[in-house]
$ cat structure19.txt   # compact mmCIF, C-alpha atoms and all ligand atoms
# COMPACT_ATOMS: atom_id res chain seq x y z
CA MET Z 771 15.91 -83.29 -30.25
CA ILE Z 772 16.48 -79.98 -32.03
CA GLU Z 773 19.74 -79.59 -33.93
CA ALA Z 774 21.04 -76.40 -35.53
CA VAL Z 775 24.13 -76.51 -37.77
CA GLY Z 776 25.72 -73.28 -38.98
CA LEU Z 777 22.33 -71.60 -38.76
CA THR Z 778 22.47 -68.08 -40.20
CA LYS Z 779 19.79 -65.49 -40.97
CA ARG Z 780 20.41 -62.12 -42.59
CA TYR Z 781 17.86 -59.40 -43.14
CA GLY Z 782 19.61 -57.10 -45.65
CA ASP Z 783 22.77 -55.89 -43.89
CA LYS Z 784 21.59 -57.14 -40.52
CA THR Z 785 22.83 -60.57 -39.42
CA ALA Z 786 20.20 -61.66 -36.89
CA VAL Z 787 21.57 -65.20 -36.42
CA ASP Z 788 25.21 -65.89 -37.14
CA ASP Z 789 26.57 -69.42 -37.74
CA LEU Z 790 24.76 -70.93 -34.77
CA SER Z 791 25.26 -74.64 -33.98
CA PHE Z 792 23.68 -76.34 -30.97
CA GLN Z 793 21.59 -79.30 -29.88
CA VAL Z 794 18.55 -79.22 -27.61
CA ARG Z 795 18.25 -82.65 -26.03
CA PRO Z 796 15.20 -84.48 -24.73
CA GLY Z 797 14.56 -85.13 -21.03
CA MET Z 798 15.67 -81.72 -19.79
CA VAL Z 799 14.66 -78.07 -19.85
CA THR Z 800 17.04 -76.04 -22.02
CA GLY Z 801 16.99 -72.31 -21.38
CA PHE Z 802 17.63 -69.96 -24.30
CA LEU Z 803 19.13 -66.69 -23.09
CA GLY Z 804 20.37 -63.56 -24.79
CA PRO Z 805 19.99 -59.79 -24.59
CA ASN Z 806 17.19 -58.04 -26.50
CA GLY Z 807 17.65 -58.38 -30.23
CA SER Z 808 20.20 -61.19 -29.94
CA GLY Z 809 18.31 -63.50 -32.31
CA LYS Z 810 16.33 -65.80 -30.02
CA SER Z 811 12.95 -65.33 -31.69
CA THR Z 812 14.49 -65.51 -35.16
CA THR Z 813 16.14 -68.82 -34.20
CA MET Z 814 12.87 -70.19 -32.84
CA ARG Z 815 11.03 -69.11 -35.99
CA MET Z 816 13.58 -70.96 -38.13
CA VAL Z 817 13.17 -74.10 -35.97
CA LEU Z 818 9.44 -73.88 -36.72
CA GLY Z 819 9.86 -73.28 -40.45
CA LEU Z 820 8.38 -69.77 -40.18
CA ASP Z 821 11.61 -68.19 -41.44
CA THR Z 822 14.07 -69.66 -43.96
CA PRO Z 823 17.75 -69.72 -43.01
CA THR Z 824 20.11 -67.73 -45.23
CA SER Z 825 22.56 -70.61 -44.74
CA GLY Z 826 22.93 -73.62 -42.45
CA HIS Z 827 19.97 -75.67 -41.30
CA VAL Z 828 17.95 -76.71 -38.28
CA THR Z 829 16.13 -79.99 -37.77
CA VAL Z 830 13.59 -81.39 -35.33
CA ASN Z 831 13.97 -85.10 -34.70
CA GLY Z 832 16.17 -85.30 -37.78
CA HIS Z 833 13.86 -83.45 -40.22
CA PRO Z 834 13.44 -79.81 -41.20
CA TYR Z 835 10.12 -78.70 -39.62
CA ARG Z 836 8.40 -78.28 -42.98
CA ARG Z 837 9.22 -81.87 -43.93
CA LEU Z 838 8.09 -83.38 -40.62
CA PRO Z 839 5.08 -85.60 -41.26
CA ASN Z 840 2.16 -84.16 -39.23
CA ALA Z 841 4.39 -81.53 -37.60
CA PRO Z 842 1.86 -80.20 -35.01
CA ARG Z 843 1.71 -83.68 -33.47
CA HIS Z 844 5.49 -83.59 -32.97
CA VAL Z 845 6.22 -79.96 -32.17
CA GLY Z 846 4.27 -77.45 -30.10
CA ALA Z 847 5.20 -73.81 -29.69
CA LEU Z 848 4.28 -70.63 -27.89
CA LEU Z 849 5.80 -67.75 -29.83
CA ASP Z 850 3.50 -64.76 -29.52
CA ALA Z 851 0.62 -65.20 -27.11
CA LYS Z 852 -1.09 -62.08 -28.52
CA ALA Z 853 -1.41 -63.68 -31.98
CA VAL Z 854 -4.95 -64.88 -31.27
CA HIS Z 855 -8.20 -64.18 -33.11
CA GLY Z 856 -9.81 -62.04 -30.38
CA GLY Z 857 -13.37 -62.55 -31.62
CA ARG Z 858 -13.34 -66.29 -30.89
CA ASP Z 859 -13.80 -67.86 -27.50
CA ALA Z 860 -10.97 -69.92 -26.02
CA TYR Z 861 -12.63 -73.24 -26.85
CA ARG Z 862 -13.24 -72.34 -30.51
CA HIS Z 863 -9.76 -70.89 -30.87
CA LEU Z 864 -8.22 -74.18 -29.76
CA LEU Z 865 -10.75 -76.27 -31.68
CA SER Z 866 -9.87 -74.52 -34.95
CA ILE Z 867 -6.17 -75.23 -34.37
CA ALA Z 868 -7.00 -78.86 -33.55
CA GLN Z 869 -9.13 -79.28 -36.68
CA LEU Z 870 -6.46 -77.75 -38.94
CA SER Z 871 -3.86 -80.10 -37.47
CA GLY Z 872 -5.86 -83.32 -37.39
CA ILE Z 873 -5.86 -83.38 -33.60
CA PRO Z 874 -8.90 -85.01 -31.92
CA ALA Z 875 -11.39 -82.48 -30.45
CA HIS Z 876 -11.27 -84.03 -26.97
CA ARG Z 877 -7.72 -82.68 -26.61
CA VAL Z 878 -9.22 -79.17 -26.42
CA ASP Z 879 -10.94 -79.98 -23.13
CA ASP Z 880 -7.83 -81.77 -21.88
CA VAL Z 881 -5.52 -78.81 -22.45
CA LEU Z 882 -8.04 -76.23 -21.20
CA ARG Z 883 -8.19 -78.19 -17.95
CA LEU Z 884 -4.42 -78.53 -17.83
CA VAL Z 885 -3.84 -74.76 -18.09
CA GLY Z 886 -6.72 -73.85 -15.76
CA LEU Z 887 -8.94 -72.14 -18.34
CA SER Z 888 -11.92 -74.57 -18.38
CA GLU Z 889 -14.20 -72.10 -16.61
CA VAL Z 890 -13.55 -69.32 -19.13
CA ALA Z 891 -13.55 -71.59 -22.20
CA GLY Z 892 -16.67 -69.83 -23.56
CA ARG Z 893 -15.29 -66.29 -23.17
CA ARG Z 894 -13.94 -64.29 -26.09
CA THR Z 895 -10.18 -64.14 -25.93
CA LYS Z 896 -10.02 -60.40 -26.56
CA GLY Z 897 -11.17 -59.92 -22.95
CA PHE Z 898 -8.36 -62.11 -21.63
CA SER Z 899 -5.66 -60.72 -19.35
CA LEU Z 900 -2.01 -61.08 -20.39
CA GLY Z 901 -1.66 -64.06 -18.06
CA MET Z 902 -4.78 -65.78 -19.44
CA GLY Z 903 -3.45 -65.18 -22.96
CA GLN Z 904 -0.16 -66.87 -21.98
CA ARG Z 905 -2.07 -69.85 -20.59
CA LEU Z 906 -4.10 -70.08 -23.80
CA GLY Z 907 -0.89 -69.98 -25.85
CA ILE Z 908 0.57 -72.76 -23.73
CA ALA Z 909 -2.64 -74.76 -24.19
CA ALA Z 910 -2.29 -74.41 -27.97
CA ALA Z 911 1.33 -75.60 -27.78
CA LEU Z 912 0.25 -78.71 -25.85
CA LEU Z 913 -2.74 -79.60 -28.08
CA GLY Z 914 -0.95 -82.19 -30.21
CA ASP Z 915 0.70 -83.80 -27.15
CA PRO Z 916 4.06 -83.12 -28.86
CA GLN Z 917 7.47 -84.50 -27.91
CA VAL Z 918 9.22 -81.21 -28.73
CA LEU Z 919 8.12 -77.92 -27.19
CA LEU Z 920 9.33 -74.37 -27.75
CA PHE Z 921 8.26 -71.53 -25.49
CA ASP Z 922 9.27 -67.92 -26.14
CA GLU Z 923 8.99 -66.00 -22.84
CA PRO Z 924 6.23 -68.23 -21.39
CA VAL Z 925 6.01 -66.49 -18.00
CA ASN Z 926 5.47 -63.03 -19.49
CA GLY Z 927 2.61 -61.39 -17.61
CA LEU Z 928 2.02 -64.25 -15.21
CA ASP Z 929 1.60 -63.69 -11.48
CA PRO Z 930 3.80 -65.62 -8.98
CA GLU Z 931 1.35 -68.53 -8.85
CA GLY Z 932 1.33 -68.66 -12.66
CA ILE Z 933 5.13 -68.50 -12.82
CA LEU Z 934 5.38 -71.42 -10.40
CA TRP Z 935 2.84 -73.33 -12.46
CA VAL Z 936 4.83 -72.79 -15.69
CA ARG Z 937 8.04 -73.83 -13.92
CA ASN Z 938 6.49 -77.08 -12.73
CA LEU Z 939 4.88 -77.69 -16.12
CA MET Z 940 8.23 -77.30 -17.96
CA LYS Z 941 9.94 -79.62 -15.52
CA SER Z 942 7.23 -82.27 -15.73
CA LEU Z 943 7.19 -82.14 -19.56
CA ALA Z 944 10.97 -82.67 -19.52
CA ALA Z 945 10.67 -85.45 -16.93
CA GLU Z 946 8.34 -87.25 -19.36
CA GLY Z 947 11.27 -87.32 -21.79
CA ARG Z 948 10.19 -84.39 -23.97
CA THR Z 949 12.49 -81.77 -25.46
CA VAL Z 950 11.72 -78.41 -23.82
CA PHE Z 951 13.36 -75.26 -25.24
CA VAL Z 952 12.41 -72.08 -23.43
CA SER Z 953 13.55 -68.47 -23.76
CA SER Z 954 13.28 -66.05 -20.89
CA HIS Z 955 14.66 -62.78 -19.59
CA LEU Z 956 14.04 -63.82 -15.99
CA MET Z 957 17.39 -65.17 -14.87
CA SER Z 958 16.19 -66.12 -11.39
CA GLU Z 959 13.41 -68.12 -13.01
CA MET Z 960 15.81 -69.82 -15.43
CA ALA Z 961 18.06 -70.77 -12.52
CA LEU Z 962 15.10 -72.62 -11.00
CA THR Z 963 13.68 -74.10 -14.20
CA ALA Z 964 16.47 -74.92 -16.66
CA ASP Z 965 18.97 -77.78 -16.54
CA HIS Z 966 20.96 -76.60 -19.52
CA LEU Z 967 21.57 -73.21 -21.12
CA ILE Z 968 22.21 -71.94 -24.60
CA VAL Z 969 23.30 -68.30 -24.48
CA ILE Z 970 23.59 -66.10 -27.56
CA ALA Z 971 24.45 -62.46 -28.18
CA ARG Z 972 24.33 -60.63 -31.51
CA GLY Z 973 23.27 -63.88 -33.13
CA ARG Z 974 26.35 -65.84 -32.03
CA LEU Z 975 26.71 -68.67 -29.55
CA LEU Z 976 28.31 -67.59 -26.27
CA ALA Z 977 27.69 -70.65 -24.10
CA ASP Z 978 26.19 -74.14 -24.33
CA MET Z 979 26.46 -75.84 -20.95
CA SER Z 980 24.64 -76.80 -17.76
CA VAL Z 981 23.37 -74.01 -15.49
CA ARG Z 982 25.90 -75.00 -12.89
CA GLU Z 983 28.84 -75.02 -15.30
CA PHE Z 984 27.70 -71.68 -16.68
CA ILE Z 985 27.75 -70.01 -13.28
CA ALA Z 986 31.10 -71.55 -12.37
CA ALA Z 987 32.67 -70.47 -15.67
CA ASN Z 988 31.31 -66.93 -15.71
CA SER Z 989 31.43 -65.71 -12.17
CA ALA Z 990 33.89 -64.98 -9.46
CA GLY Z 991 32.91 -65.66 -5.87
CA PHE Z 992 33.61 -63.06 -3.23
CA ALA Z 993 33.54 -62.78 0.52
CA ARG Z 994 31.31 -60.45 2.47
CA VAL Z 995 33.12 -59.08 5.47
CA ARG Z 996 31.56 -56.95 8.18
CA VAL Z 997 33.22 -55.26 11.14
CA PRO Z 998 31.34 -53.87 14.16
CA ASP Z 999 29.05 -51.05 12.97
CA THR Z 1000 30.01 -49.12 16.08
CA ASP Z 1001 33.57 -48.48 14.90
CA PRO Z 1002 33.97 -47.11 11.33
CA ALA Z 1003 37.75 -46.77 11.84
CA GLN Z 1004 37.99 -50.57 12.01
CA ARG Z 1005 36.53 -50.78 8.53
CA GLU Z 1006 39.17 -48.45 7.12
CA LYS Z 1007 41.89 -50.37 8.94
CA LEU Z 1008 40.72 -53.70 7.55
CA THR Z 1009 40.32 -52.30 4.02
CA SER Z 1010 43.90 -51.07 4.11
CA ALA Z 1011 45.27 -54.35 5.55
CA LEU Z 1012 43.44 -56.50 3.00
CA THR Z 1013 44.48 -54.28 0.08
CA THR Z 1014 48.12 -54.38 1.22
CA ALA Z 1015 47.85 -58.18 1.39
CA GLY Z 1016 46.71 -58.28 -2.25
CA ALA Z 1017 42.90 -58.47 -2.08
CA GLN Z 1018 40.45 -56.22 -3.93
CA VAL Z 1019 38.02 -54.53 -1.56
CA LEU Z 1020 34.81 -52.71 -2.44
CA PRO Z 1021 32.33 -51.16 -0.02
CA GLU Z 1022 28.81 -52.60 -0.11
CA GLN Z 1023 25.80 -50.34 0.38
CA ASP Z 1024 24.91 -51.84 3.75
CA GLY Z 1025 28.35 -51.11 5.25
CA ALA Z 1026 29.89 -54.54 4.60
CA LEU Z 1027 32.98 -55.06 2.43
CA ARG Z 1028 33.11 -57.17 -0.73
CA VAL Z 1029 36.49 -58.90 -0.89
CA THR Z 1030 37.81 -60.75 -3.94
CA GLY Z 1031 41.10 -62.41 -4.75
CA MET Z 1032 41.67 -63.87 -1.29
CA PRO Z 1033 40.42 -67.09 0.33
CA LEU Z 1034 38.29 -66.81 3.47
CA PRO Z 1035 40.89 -68.24 5.93
CA ARG Z 1036 43.47 -65.71 4.70
CA ILE Z 1037 40.97 -62.85 5.17
CA SER Z 1038 40.44 -64.07 8.72
CA ASP Z 1039 44.23 -64.15 9.34
CA VAL Z 1040 44.74 -60.65 7.91
CA ALA Z 1041 41.92 -59.30 10.12
CA HIS Z 1042 43.44 -61.03 13.15
CA GLU Z 1043 46.92 -59.61 12.42
CA ALA Z 1044 45.39 -56.12 12.03
CA GLN Z 1045 43.49 -56.65 15.32
CA VAL Z 1046 40.13 -56.06 13.67
CA ARG Z 1047 37.13 -57.96 15.05
CA LEU Z 1048 34.73 -59.42 12.48
CA TRP Z 1049 30.97 -59.68 12.76
CA GLU Z 1050 30.62 -61.48 9.45
CA LEU Z 1051 32.86 -63.41 7.07
CA SER Z 1052 30.74 -65.26 4.51
CA PRO Z 1053 31.23 -66.74 1.05
CA HIS Z 1054 29.01 -65.31 -1.66
CA HIS Z 1055 27.78 -67.60 -4.40
CA ALA Z 1056 27.20 -65.83 -7.67
CA SER Z 1057 23.71 -66.05 -9.13
CA LEU Z 1058 22.82 -66.96 -12.69
CA GLU Z 1059 21.89 -63.32 -13.22
CA GLU Z 1060 25.35 -62.13 -12.18
CA ALA Z 1061 27.07 -64.75 -14.33
CA TYR Z 1062 24.87 -63.81 -17.30
CA MET Z 1063 25.56 -60.08 -16.86
CA ARG Z 1064 29.30 -60.74 -16.84
CA LEU Z 1065 29.19 -62.86 -19.97
CA THR Z 1066 27.01 -60.52 -21.99
CA GLN Z 1067 28.59 -57.24 -20.80
CA GLY Z 1068 29.29 -55.05 -23.79
CA MET Z 1069 27.20 -57.28 -26.06
CA VAL Z 1070 23.81 -55.70 -25.51
CA ASP Z 1071 22.32 -53.71 -28.38
CA TYR Z 1072 19.95 -51.77 -26.15
CA ARG Z 1073 20.63 -50.33 -22.75
CA SER Z 1074 18.53 -48.26 -20.38
CA THR Z 1075 19.65 -44.74 -19.53
CA ALA Z 1076 19.56 -45.59 -15.81
CA ASP Z 1077 21.83 -48.58 -16.35
CA PRO Z 1078 21.09 -51.37 -13.87
CA GLN Z 1079 24.42 -53.02 -14.74
CA VAL Z 1080 26.55 -50.16 -13.52
CA GLY Z 1081 27.12 -51.78 -10.12
CA MET Z 1082 28.23 -54.98 -11.85
CA ARG Z 1083 30.78 -53.30 -14.06
CA SER Z 1084 32.55 -51.59 -11.17
CA GLY Z 1085 33.35 -55.04 -9.79
CA PRO Z 1086 36.56 -56.95 -10.43
CA ALA Z 1087 37.24 -58.83 -13.64
CA PRO Z 1088 36.02 -62.42 -13.77
CA ASP Z 1089 38.31 -64.75 -11.88
CA PRO Z 1090 39.29 -67.61 -14.21
CA ALA Z 1091 39.81 -69.80 -11.15
CA GLY Z 1092 36.08 -69.47 -10.54
CA GLY Z 1093 36.43 -68.75 -6.81
CA TRP Z 1094 34.07 -70.84 -4.73
CA ALA Z 1095 31.14 -70.29 -7.06
CA GLY Z 1096 32.07 -73.56 -8.76
CA GLU Z 1097 32.35 -75.59 -5.58
CA PRO Z 1098 30.50 -78.88 -5.39
CA GLY Z 1099 27.30 -78.47 -3.47
CA TRP Z 1100 26.38 -75.19 -5.08
CA SER Z 1101 22.70 -74.84 -5.66
CA PRO Z 1102 20.68 -72.08 -7.27
CA PRO Z 1103 18.84 -69.62 -5.03
CA GLN Z 1104 15.65 -71.10 -3.62
CA GLN Z 1105 13.72 -67.84 -3.30
CA PRO Z 1106 12.67 -66.35 -6.64
CA VAL Z 1107 14.02 -62.81 -6.87
CA PRO Z 1108 11.43 -60.26 -8.05
CA ALA Z 1109 11.96 -59.72 -11.74
CA ALA Z 1110 13.25 -56.30 -12.67
CA ALA Z 1111 10.83 -54.49 -14.92
CA ARG Z 1112 12.07 -54.19 -18.48
CA PRO Z 1113 13.84 -50.84 -18.68
CA THR Z 1114 12.97 -48.13 -21.13
CA LEU Z 1115 15.08 -48.82 -24.18
CA THR Z 1116 17.40 -46.47 -25.91
CA GLU Z 1117 19.66 -47.57 -28.73
CA ASP Z 1118 23.21 -47.97 -27.52
CA ALA Z 1119 25.70 -45.65 -29.23
CA ARG Z 1120 28.12 -48.13 -30.76
N1 LIG Z 1201 11.78 -59.43 -40.18
C1 LIG Z 1201 12.88 -58.76 -39.82
N2 LIG Z 1201 13.40 -57.83 -40.60
C2 LIG Z 1201 14.52 -57.14 -40.29
N3 LIG Z 1201 15.19 -57.34 -39.12
C3 LIG Z 1201 14.70 -58.25 -38.27
C4 LIG Z 1201 13.52 -59.01 -38.56
N4 LIG Z 1201 13.29 -59.86 -37.52
C5 LIG Z 1201 14.28 -59.62 -36.62
N5 LIG Z 1201 15.11 -58.67 -37.05
C6 LIG Z 1201 16.30 -58.16 -36.36
O1 LIG Z 1201 17.10 -59.27 -36.02
C7 LIG Z 1201 17.66 -59.10 -34.72
C8 LIG Z 1201 17.26 -60.27 -33.84
O2 LIG Z 1201 15.87 -60.15 -33.50
P1 LIG Z 1201 15.11 -61.21 -32.61
O3 LIG Z 1201 13.68 -60.75 -32.50
O4 LIG Z 1201 15.35 -62.57 -33.13
O5 LIG Z 1201 15.85 -61.06 -31.22
P2 LIG Z 1201 15.41 -61.58 -29.75
O6 LIG Z 1201 16.66 -62.12 -29.13
O7 LIG Z 1201 14.25 -62.49 -29.87
O8 LIG Z 1201 14.99 -60.21 -29.06
P3 LIG Z 1201 14.01 -59.95 -27.81
O9 LIG Z 1201 14.65 -60.57 -26.62
O10 LIG Z 1201 14.00 -58.45 -27.72
O11 LIG Z 1201 12.67 -60.53 -28.15
C9 LIG Z 1201 17.18 -57.76 -34.22
O12 LIG Z 1201 18.16 -56.79 -34.46
C10 LIG Z 1201 15.94 -57.49 -35.05
O13 LIG Z 1201 15.74 -56.11 -35.20
$ encode --input "structure19.txt" --output "structure tokens" --more "lines below"
Ligand SMILES: Nc1ncnc2c1ncn2[C@@H]1O[C@H](COP(=O)(O)OP(=O)(O)OP(=O)(O)O)[C@@H](O)[C@H]1O
Amino acid sequence: MIEAVGLTKRYGDKTAVDDLSFQVRPGMVTGFLGPNGSGKSTTMRMVLGLDTPTSGHVTVNGHPYRRLPNAPRHVGALLDAKAVHGGRDAYRHLLSIAQLSGIPAHRVDDVLRLVGLSEVAGRRTKGFSLGMGQRLGIAAALLGDPQVLLFDEPVNGLDPEGILWVRNLMKSLAAEGRTVFVSSHLMSEMALTADHLIVIARGRLLADMSVREFIAANSAGFARVRVPDTDPAQREKLTSALTTAGAQVLPEQDGALRVTGMPLPRISDVAHEAQVRLWELSPHHASLEEAYMRLTQGMVDYRSTADPQVGMRSGPAPDPAGGWAGEPGWSPPQQPVPAAARPTLTEDAR
């Protein structure tokens, strides 16, 4: 268990982490989300005793990291996979960590096997690809067979097979009763991996709840409605009838309509009364990515010039009723969505 109470870190005028309190419990994967520069890495560094809080405190299994007896046997972390002595081979890199931490040497072979690097154990790490470096970093985190694990962006640079492997690894570590705290920018991946979410922005806590509760609380469901493509006038007619009846209607790029503020049976009735035939009337379940974008809108410090959120912001305000996104039986998308490349960053004019 990781517990932060009033955790605060200031660098001069900059408050990187601001009065943060949360618990990361064992037996589940807890996702740590936040826009760039929101304080995730600073928080993780304070958990690991690499940075000292300005005020507040954070403990691991009841002790500050620096006072944990034999800390590497209790806590493993992947913070920066590039922070490796490139002149050493993978085996020696891990062996030196094991020796410094009093971990038996046979664990090196165990973790190399676990992460799939046994065959390249004798190769210098400076020739490693980004994905191999991530696997080596994960191996180092697992060396002490710790009960508490922190991973900062563990799927960075991994191919789809590697991403699936990390997902299954996180889940199996949690299923063994370990505490797994993982930050990521890949919302689709978090939806598939995490049970619980801690979301921060500008150093402050925005949400601490299950993935399912998070989506229900931060998204509004909508209906997709499609009329026969052969008759554009029908689309106009339906848009007008639905708007008159109190719904909000937005055109989708593929010709369908996005309707909010009206239940599906009522949409069907309005279409029937307007004598418009429907080819599609389907509920849309918001994704974690959409819910996250809504929650953190206006709280990002950096934004790309070609803003990928523009389409989101033109949508209606969040519906406090939650629409049908919160219905029982909701489940996250099963197909991983390709991750958007990180945009070029420009400082937001605030
Ligand atoms: N050593 C430092 N000195 C001064 N400012 C710092 C330092 N470390 C972090 N910061 C600032 O604190 C804020 C939080 O940074 P942090 O790296 O924790 O965010 P993050 O959520 O991990 O970001 P990202 O998702 O981009 O990795 C940023 O504005 C950053 O510039």
$ closest_atom_pairs --input "structure19.txt" --of "chain Z" --to "ligand LIG 1201 (chain Z)" --cutoff "7 Å" --atoms "all atoms listed in the file" --output "Markdown table"
| residue | atom | partner | partner_atom | distance |
| --- | --- | --- | --- | --- |
| Z:Tyr781 | CA | Z:LIG1201 | C2 | 4.9 |
| Z:Lys784 | CA | Z:LIG1201 | N3 | 6.6 |
| Z:Thr785 | CA | Z:LIG1201 | O1 | 6.8 |
| Z:Ala786 | CA | Z:LIG1201 | O1 | 4.0 |
| Z:Gly804 | CA | Z:LIG1201 | O6 | 5.9 |
| Z:Pro805 | CA | Z:LIG1201 | O9 | 5.8 |
| Z:Asn806 | CA | Z:LIG1201 | O10 | 3.4 |
| Z:Gly807 | CA | Z:LIG1201 | O5 | 3.4 |
| Z:Ser808 | CA | Z:LIG1201 | O6 | 3.7 |
| Z:Gly809 | CA | Z:LIG1201 | O4 | 3.2 |
| Z:Lys810 | CA | Z:LIG1201 | O6 | 3.8 |
| Z:Ser811 | CA | Z:LIG1201 | O7 | 3.6 |
| Z:Thr812 | CA | Z:LIG1201 | O4 | 3.7 |
| Z:Thr813 | CA | Z:LIG1201 | O4 | 6.4 |
$ closest_atom_pairs --input "structure19.txt" --of "range 946-1033 of chain Z" --to "range 899-914 of chain Z" --cutoff "12 Å" --atoms "only C-alpha atoms" --output "JSON lines"
{"residue": "Z:Arg948", "atom": "CA", "partner": "Z:Leu912", "partner_atom": "CA", "distance": 11.6}
{"residue": "Z:Val950", "atom": "CA", "partner": "Z:Ala911", "partner_atom": "CA", "distance": 11.5}
{"residue": "Z:Val952", "atom": "CA", "partner": "Z:Ile908", "partner_atom": "CA", "distance": 11.9}
$ atom_distance --input "structure19.txt" --atom1 "CA of Phe921 in chain Z" --atom2 "CA of Gly782 in chain Z"
27.3 Å
$ closest_residue --input "structure19.txt" --among "Z:Pro924, Z:Gly897, Z:Pro1033, Z:Gly947" --to "Met960 in chain Z" --atoms "only C-alpha atoms"
Z:Pro924
$ residues_around --input "structure19.txt" --residues "Leu976 in chain Z" --least-positions-apart "3" --cutoff "12 Å" --atoms "all atoms listed in the file" --output "number ranges by chain"
Z: 788-792, 802-805, 808, 967-973, 979, 984, 987-988, 1062, 1064-1067, 1069
$ build_atoms --input "structure19.txt" --residues "range 873-892 of chain Z" --atoms "N, CA and C atoms" --output "PDB file, in the frame of the given file"
ATOM      1  N   ILE Z 873      -5.947 -82.972 -35.009  1.00  0.00           N
ATOM      2  CA  ILE Z 873      -5.860 -83.380 -33.600  1.00  0.00           C
ATOM      3  C   ILE Z 873      -7.284 -83.628 -33.085  1.00  0.00           C
ATOM      4  N   PRO Z 874      -7.537 -84.732 -32.372  1.00  0.00           N
ATOM      5  CA  PRO Z 874      -8.900 -85.010 -31.920  1.00  0.00           C
ATOM      6  C   PRO Z 874      -9.461 -83.908 -31.010  1.00  0.00           C
ATOM      7  N   ALA Z 875     -10.758 -83.607 -31.164  1.00  0.00           N
ATOM      8  CA  ALA Z 875     -11.390 -82.480 -30.450  1.00  0.00           C
ATOM      9  C   ALA Z 875     -11.321 -82.638 -28.928  1.00  0.00           C
ATOM     10  N   HIS Z 876     -11.275 -83.869 -28.432  1.00  0.00           N
ATOM     11  CA  HIS Z 876     -11.270 -84.030 -26.970  1.00  0.00           C
ATOM     12  C   HIS Z 876     -10.013 -83.456 -26.321  1.00  0.00           C
ATOM     13  N   ARG Z 877      -8.950 -83.267 -27.150  1.00  0.00           N
ATOM     14  CA  ARG Z 877      -7.720 -82.680 -26.610  1.00  0.00           C
ATOM     15  C   ARG Z 877      -7.952 -81.237 -26.164  1.00  0.00           C
ATOM     16  N   VAL Z 878      -8.948 -80.570 -26.784  1.00  0.00           N
ATOM     17  CA  VAL Z 878      -9.220 -79.170 -26.420  1.00  0.00           C
ATOM     18  C   VAL Z 878      -9.616 -79.097 -24.950  1.00  0.00           C
ATOM     19  N   ASP Z 879     -10.536 -79.975 -24.540  1.00  0.00           N
ATOM     20  CA  ASP Z 879     -10.940 -79.980 -23.130  1.00  0.00           C
ATOM     21  C   ASP Z 879      -9.771 -80.357 -22.223  1.00  0.00           C
ATOM     22  N   ASP Z 880      -8.981 -81.324 -22.693  1.00  0.00           N
ATOM     23  CA  ASP Z 880      -7.830 -81.770 -21.880  1.00  0.00           C
ATOM     24  C   ASP Z 880      -6.888 -80.605 -21.588  1.00  0.00           C
ATOM     25  N   VAL Z 881      -6.519 -79.865 -22.665  1.00  0.00           N
ATOM     26  CA  VAL Z 881      -5.520 -78.810 -22.450  1.00  0.00           C
ATOM     27  C   VAL Z 881      -6.115 -77.602 -21.722  1.00  0.00           C
ATOM     28  N   LEU Z 882      -7.410 -77.326 -21.936  1.00  0.00           N
ATOM     29  CA  LEU Z 882      -8.040 -76.230 -21.200  1.00  0.00           C
ATOM     30  C   LEU Z 882      -7.990 -76.530 -19.701  1.00  0.00           C
ATOM     31  N   ARG Z 883      -8.254 -77.789 -19.355  1.00  0.00           N
ATOM     32  CA  ARG Z 883      -8.190 -78.190 -17.950  1.00  0.00           C
ATOM     33  C   ARG Z 883      -6.762 -78.066 -17.426  1.00  0.00           C
ATOM     34  N   LEU Z 884      -5.823 -78.527 -18.235  1.00  0.00           N
ATOM     35  CA  LEU Z 884      -4.420 -78.530 -17.830  1.00  0.00           C
ATOM     36  C   LEU Z 884      -3.916 -77.110 -17.514  1.00  0.00           C
ATOM     37  N   VAL Z 885      -4.347 -76.132 -18.316  1.00  0.00           N
ATOM     38  CA  VAL Z 885      -3.840 -74.760 -18.090  1.00  0.00           C
ATOM     39  C   VAL Z 885      -4.771 -73.940 -17.193  1.00  0.00           C
ATOM     40  N   GLY Z 886      -5.837 -74.546 -16.710  1.00  0.00           N
ATOM     41  CA  GLY Z 886      -6.720 -73.850 -15.760  1.00  0.00           C
ATOM     42  C   GLY Z 886      -7.677 -72.868 -16.399  1.00  0.00           C
ATOM     43  N   LEU Z 887      -8.039 -73.078 -17.670  1.00  0.00           N
ATOM     44  CA  LEU Z 887      -8.940 -72.140 -18.340  1.00  0.00           C
ATOM     45  C   LEU Z 887     -10.333 -72.739 -18.623  1.00  0.00           C
ATOM     46  N   SER Z 888     -10.634 -73.911 -18.072  1.00  0.00           N
ATOM     47  CA  SER Z 888     -11.920 -74.570 -18.380  1.00  0.00           C
ATOM     48  C   SER Z 888     -13.107 -73.649 -18.113  1.00  0.00           C
ATOM     49  N   GLU Z 889     -13.033 -72.918 -16.997  1.00  0.00           N
ATOM     50  CA  GLU Z 889     -14.200 -72.100 -16.610  1.00  0.00           C
ATOM     51  C   GLU Z 889     -14.428 -70.898 -17.519  1.00  0.00           C
ATOM     52  N   VAL Z 890     -13.381 -70.479 -18.230  1.00  0.00           N
ATOM     53  CA  VAL Z 890     -13.550 -69.320 -19.130  1.00  0.00           C
ATOM     54  C   VAL Z 890     -13.484 -69.747 -20.597  1.00  0.00           C
ATOM     55  N   ALA Z 891     -13.678 -71.046 -20.838  1.00  0.00           N
ATOM     56  CA  ALA Z 891     -13.550 -71.590 -22.200  1.00  0.00           C
ATOM     57  C   ALA Z 891     -14.511 -70.910 -23.175  1.00  0.00           C
ATOM     58  N   GLY Z 892     -15.673 -70.425 -22.689  1.00  0.00           N
ATOM     59  CA  GLY Z 892     -16.670 -69.830 -23.560  1.00  0.00           C
ATOM     60  C   GLY Z 892     -16.508 -68.318 -23.716  1.00  0.00           C
TER      61      GLY Z 892
END
